[in-house]
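Trainee: This is the structure I want to talk about, given as structure tokens.
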Amino acid sequence: MARRAVSATVEEAVRLGVTFRHAFVEAPTGKGALRSVRTGSGEETYAGQFVFACGAWLAKMFPEIIGKRLFVTRQEVFYFGLPAGDTRFAPPALPTFLFQNDESYGMPDIESRGLKIALDAHGVPADPDTQSRVVSEKSAKEMRSTLLGGFRR
Ligand SMILES: Cc1cc2nc3c(=O)[nH]c(=O)nc-3n(C[C@H](O)[C@H](O)[C@H](O)COP(=O)(O)OP(=O)(O)OC[C@H]3O[C@@H](n4cnc5c(N)ncnc54)[C@H](O)[C@@H]3O)c2cc1C
């Protein structure tokens with residue numbers, strides 16, 4: 001429910017007086033203390049301090065400082081649909097789980113999204129803007145045979 005949690009945080013911050021802008025921020029250029037940032041539409045914002053919480057995009061934002069330190073790799077997430085009325089994979093029957101032997105983990109069927117399973121191992125290098133959002137056939141097959149096979153046991 002991360003999306004909803006982020007929205008709730010924004011709403012609360014705005015209620016407390018924060019000004020919220022949703023915009024693309026251009027990578028800062030130049031040297032010395034940063035005084036302002038510019039959005040894609042040319043709006044300039046000045047502040048004493050800036051926090052860049054850009055996740056996997058940080059390497060693109062600051063290629064010289066952090067570009068060689070971040071290793072952004074692909075990870076695939078699977079949501080398996082469940083048979084109607086099957087409550088074995090929903091709370092309270094199934095908690096969030098983690099298998100330490102192969103770094104796979106998942107969430108139970110929350111709000112009917114299905115059973116989530118993902119592999120936390122490092123994948124191939126990926127560009128967060130251009131990488132494919134489609135899971136590979138190979139991974140889907142692995143997930144089905146290994147993990148769901150394990151559940152059945
Ligand atoms: C496949 C996968 C599955 C995961 N599953 C789980 C899970 O089940 N549970 C869990 O707790 N965590 C999970 N995580 C981890 C979780 O998603 C991250 O830890 C979390 O999203 C990091 O938050 P963040 O705010 O640092 O970065 P992000 O959520 O990546 O947010 C960065 C934001 O910066 C924005 N941005 C980038 N560049 C710019 C720019 N120039 N201008 C403006 N905005 C910009 C991006 O659009 C993005 O919205 C998963 C991660 C992956 C990749």
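In the structure tokens, each chain is lettered A, B, ... as it comes, each chain's residues begin at 1, and ligands are numbered from 1 in order of appearance.
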Excluding segment 74-86 of chain A and its own-chain neighbours fewer than 5 positions away, which residues fall within 10 Å of it when counting only C-alpha atoms? Please give them as an NGL selection string.

Mentor: :A and (105-109 or 112-128 or 131-136 or 139-140 or 143-144 or 148)

Trainee: Mind dumping the selected residues with N, CA, C and O atoms as a CSV table (one decimal), in the first residue's frame?

Mentor:
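Output contents, as saved in out.csv:
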chain,number,residue,atom,x,y,z
A,105,TYR,N,11.1,-13.4,-1.6
A,105,TYR,CA,10.2,-13.0,-0.6
A,105,TYR,C,8.9,-12.7,-1.2
A,105,TYR,O,8.7,-12.6,-2.4
A,106,GLY,N,7.9,-12.5,-0.3
A,106,GLY,CA,6.6,-12.1,-0.8
A,106,GLY,C,5.6,-11.6,0.2
A,106,GLY,O,6.0,-11.6,1.4
A,107,MET,N,4.5,-11.3,-0.3
A,107,MET,CA,3.4,-10.8,0.6
A,107,MET,C,2.2,-11.6,0.4
A,107,MET,O,1.9,-12.1,-0.8
A,108,PRO,N,1.3,-11.7,1.4
A,108,PRO,CA,0.1,-12.5,1.2
A,108,PRO,C,-0.8,-11.7,0.3
A,108,PRO,O,-0.5,-10.6,-0.2
A,109,ASP,N,-2.0,-12.3,-0.1
A,109,ASP,CA,-3.0,-11.7,-0.9
A,109,ASP,C,-3.6,-10.5,-0.1
A,109,ASP,O,-4.6,-10.7,0.6
A,112,SER,N,-7.0,-8.3,-2.4
A,112,SER,CA,-7.2,-9.1,-3.6
A,112,SER,C,-6.2,-8.7,-4.7
A,112,SER,O,-6.6,-8.8,-5.9
A,113,ARG,N,-5.0,-8.3,-4.4
A,113,ARG,CA,-4.0,-8.1,-5.4
A,113,ARG,C,-3.3,-9.4,-5.9
A,113,ARG,O,-2.6,-9.4,-6.9
A,114,GLY,N,-3.5,-10.5,-5.2
A,114,GLY,CA,-2.9,-11.7,-5.5
A,114,GLY,C,-1.7,-12.0,-4.6
A,114,GLY,O,-1.3,-11.1,-3.8
A,115,LEU,N,-1.1,-13.1,-4.7
A,115,LEU,CA,0.1,-13.5,-3.9
A,115,LEU,C,1.3,-12.9,-4.6
A,115,LEU,O,1.6,-13.2,-5.7
A,116,LYS,N,2.0,-12.0,-3.8
A,116,LYS,CA,3.2,-11.4,-4.4
A,116,LYS,C,4.4,-12.2,-4.1
A,116,LYS,O,4.6,-12.6,-3.0
A,117,ILE,N,5.2,-12.4,-5.1
A,117,ILE,CA,6.5,-13.1,-4.9
A,117,ILE,C,7.6,-12.4,-5.8
A,117,ILE,O,7.3,-12.0,-6.9
A,118,ALA,N,8.7,-12.1,-5.1
A,118,ALA,CA,9.8,-11.4,-5.9
A,118,ALA,C,11.1,-12.0,-5.5
A,118,ALA,O,11.2,-12.7,-4.4
A,119,LEU,N,12.1,-11.8,-6.3
A,119,LEU,CA,13.5,-12.3,-6.0
A,119,LEU,C,14.3,-11.1,-5.7
A,119,LEU,O,14.4,-10.2,-6.5
A,120,ASP,N,15.0,-11.1,-4.5
A,120,ASP,CA,15.7,-9.9,-4.1
A,120,ASP,C,17.2,-10.0,-4.6
A,120,ASP,O,18.0,-9.1,-4.3
A,121,ALA,N,17.5,-11.0,-5.4
A,121,ALA,CA,18.9,-11.1,-5.9
A,121,ALA,C,19.2,-10.0,-6.9
A,121,ALA,O,18.3,-9.6,-7.6
A,122,HIS,N,20.4,-9.6,-7.0
A,122,HIS,CA,20.8,-8.6,-8.0
A,122,HIS,C,20.6,-9.2,-9.4
A,122,HIS,O,21.0,-10.2,-9.8
A,123,GLY,N,19.9,-8.4,-10.3
A,123,GLY,CA,19.7,-8.8,-11.6
A,123,GLY,C,20.7,-8.2,-12.6
A,123,GLY,O,21.7,-7.7,-12.1
A,124,VAL,N,20.3,-8.1,-13.8
A,124,VAL,CA,21.2,-7.5,-14.8
A,124,VAL,C,21.1,-5.9,-14.7
A,124,VAL,O,20.1,-5.4,-14.2
A,125,PRO,N,22.2,-5.2,-15.0
A,125,PRO,CA,22.1,-3.7,-14.9
A,125,PRO,C,20.9,-3.2,-15.6
A,125,PRO,O,20.5,-3.7,-16.7
A,126,ALA,N,20.2,-2.2,-15.1
A,126,ALA,CA,19.0,-1.6,-15.7
A,126,ALA,C,19.0,-0.1,-15.6
A,126,ALA,O,19.5,0.5,-14.7
A,127,ASP,N,18.3,0.5,-16.6
A,127,ASP,CA,18.1,1.9,-16.6
A,127,ASP,C,16.6,2.1,-16.2
A,127,ASP,O,15.7,1.6,-16.8
A,128,PRO,N,16.4,2.8,-15.0
A,128,PRO,CA,15.0,2.9,-14.5
A,128,PRO,C,14.0,3.6,-15.5
A,128,PRO,O,12.8,3.4,-15.3
A,131,GLN,N,14.1,0.5,-19.0
A,131,GLN,CA,14.0,-0.9,-18.9
A,131,GLN,C,12.6,-1.5,-19.2
A,131,GLN,O,11.6,-0.8,-18.9
A,132,SER,N,12.5,-2.7,-19.6
A,132,SER,CA,11.2,-3.3,-19.9
A,132,SER,C,10.5,-3.5,-18.6
A,132,SER,O,11.1,-3.9,-17.6
A,133,ARG,N,9.2,-3.3,-18.6
A,133,ARG,CA,8.4,-3.5,-17.4
A,133,ARG,C,7.7,-4.9,-17.5
A,133,ARG,O,6.9,-5.2,-16.6
A,134,VAL,N,8.1,-5.6,-18.5
A,134,VAL,CA,7.4,-6.9,-18.7
A,134,VAL,C,8.3,-8.0,-18.0
A,134,VAL,O,9.5,-8.0,-18.3
A,135,VAL,N,7.8,-8.9,-17.3
A,135,VAL,CA,8.6,-10.0,-16.7
A,135,VAL,C,9.0,-11.0,-17.8
A,135,VAL,O,8.3,-11.2,-18.8
A,136,SER,N,10.2,-11.6,-17.6
A,136,SER,CA,10.6,-12.6,-18.6
A,136,SER,C,10.0,-13.9,-18.4
A,136,SER,O,9.6,-14.3,-17.3
A,139,SER,N,11.9,-16.1,-15.9
A,139,SER,CA,11.6,-15.9,-14.4
A,139,SER,C,10.3,-16.4,-14.0
A,139,SER,O,10.1,-16.9,-12.9
A,140,ALA,N,9.3,-16.2,-14.9
A,140,ALA,CA,7.9,-16.6,-14.6
A,140,ALA,C,7.9,-18.1,-14.4
A,140,ALA,O,7.3,-18.6,-13.4
A,143,MET,N,9.6,-19.0,-11.0
A,143,MET,CA,8.7,-18.6,-9.9
A,143,MET,C,7.7,-19.7,-9.7
A,143,MET,O,7.4,-20.1,-8.6
A,144,ARG,N,7.1,-20.1,-10.8
A,144,ARG,CA,6.0,-21.1,-10.8
A,144,ARG,C,6.5,-22.4,-10.2
A,144,ARG,O,6.0,-23.0,-9.3
A,148,LEU,N,6.1,-21.9,-6.1
A,148,LEU,CA,4.8,-22.5,-5.9
A,148,LEU,C,4.9,-24.0,-5.6
A,148,LEU,O,4.1,-24.6,-4.9

Trainee: Using DSSP secondary structure from the backbone, list all strand (DSSP E or B) positions within segment 1-151 of chain A, as an NGL selection string.

Mentor: :A and (25 or 36-39 or 44-46 or 73 or 77-80 or 97-99 or 104-107 or 115-119 or 125)

Trainee: Quick one: everything within 7 Å of segment 52-66 of chain A, counting only C-alpha atoms, minus sequence neighbours fewer than 3 positions away in the same chain. Send it as a list in words.

Mentor: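 Contacts, in chain order: Ala27, Arg69, Leu70, Val72 and Pro128 of chain A.
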
Trainee: Write to file, as a PDB file, in the first residue's frame, the residues of the selection just made, with N, CA, C and O atoms.

Mentor:
ATOM      1  N   ALA A  27      18.855  17.927 -13.390  1.00  0.00           N
ATOM      2  CA  ALA A  27      20.086  17.642 -12.643  1.00  0.00           C
ATOM      3  C   ALA A  27      20.839  18.948 -12.404  1.00  0.00           C
ATOM      4  O   ALA A  27      21.031  19.731 -13.344  1.00  0.00           O
ATOM      5  N   ARG A  69      28.977   4.616  -7.975  1.00  0.00           N
ATOM      6  CA  ARG A  69      28.768   3.935  -6.680  1.00  0.00           C
ATOM      7  C   ARG A  69      27.435   3.200  -6.612  1.00  0.00           C
ATOM      8  O   ARG A  69      27.202   2.408  -5.724  1.00  0.00           O
ATOM      9  N   LEU A  70      26.521   3.553  -7.496  1.00  0.00           N
ATOM     10  CA  LEU A  70      25.212   2.891  -7.481  1.00  0.00           C
ATOM     11  C   LEU A  70      25.153   1.841  -8.582  1.00  0.00           C
ATOM     12  O   LEU A  70      25.517   2.114  -9.726  1.00  0.00           O
ATOM     13  N   VAL A  72      22.410  -0.129 -10.238  1.00  0.00           N
ATOM     14  CA  VAL A  72      20.965  -0.321 -10.385  1.00  0.00           C
ATOM     15  C   VAL A  72      20.733  -1.573 -11.221  1.00  0.00           C
ATOM     16  O   VAL A  72      21.199  -1.674 -12.352  1.00  0.00           O
ATOM     17  N   PRO A 128      16.377   2.788 -15.031  1.00  0.00           N
ATOM     18  CA  PRO A 128      15.001   2.872 -14.516  1.00  0.00           C
ATOM     19  C   PRO A 128      14.026   3.564 -15.466  1.00  0.00           C
ATOM     20  O   PRO A 128      12.813   3.408 -15.334  1.00  0.00           O
TER      21      PRO A 128
END

Trainee: Which one of A:Met1, A:His22, A:Ala93, A:Gln49 sits closest to Arg35 of chain A if you count only C-alpha atoms?

Mentor: A:Gln49

Trainee: Could you tell me how far atom CA of Phe24 of chain A sits from atom 46 (C, counted along the ligand's line) of ligand 1, in Å to one decimal place?

Mentor: 8.6 Å

Trainee: So, counting only C-alpha atoms and all ligand atoms, which residue among A:Arg15, A:Lys141, A:Arg88, A:Arg21 is closest to ligand 1?

Mentor: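 The answer is A:Arg21, which sits nearest to ligand 1.
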
Trainee: Could you tell me which of A:Phe71, A:Glu142, A:Phe20, A:Gly48 comes closest to Ser7 of chain A if we count only C-alpha atoms?

Mentor: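 Using only C-alpha atoms, Ser7 of chain A sits closest to A:Phe20.
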
Trainee: Pick out the closest residue to ligand 1 from this set: A:Gly67, A:Pro92, A:Gly42, A:Pro28. Count only C-alpha atoms and all ligand atoms.

Mentor: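 Closest candidate: A:Pro28.
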
Trainee: Have a look at atom 43 (C, counted along the ligand's line) of ligand 1 and atom CA of Glu111 of chain A and let me know their distance in Å, one decimal.

Mentor: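 Atom 43 (C, counted along the ligand's line) of ligand 1 sits 29.3 Å away from atom CA of Glu111 of chain A.
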
Trainee: Could you pull out the alpha helix (DSSP H) residues of segment 21-110 of chain A, going by DSSP on the backbone, and write them as a ChimeraX atom specification?

Mentor: /A:58-61,63-66
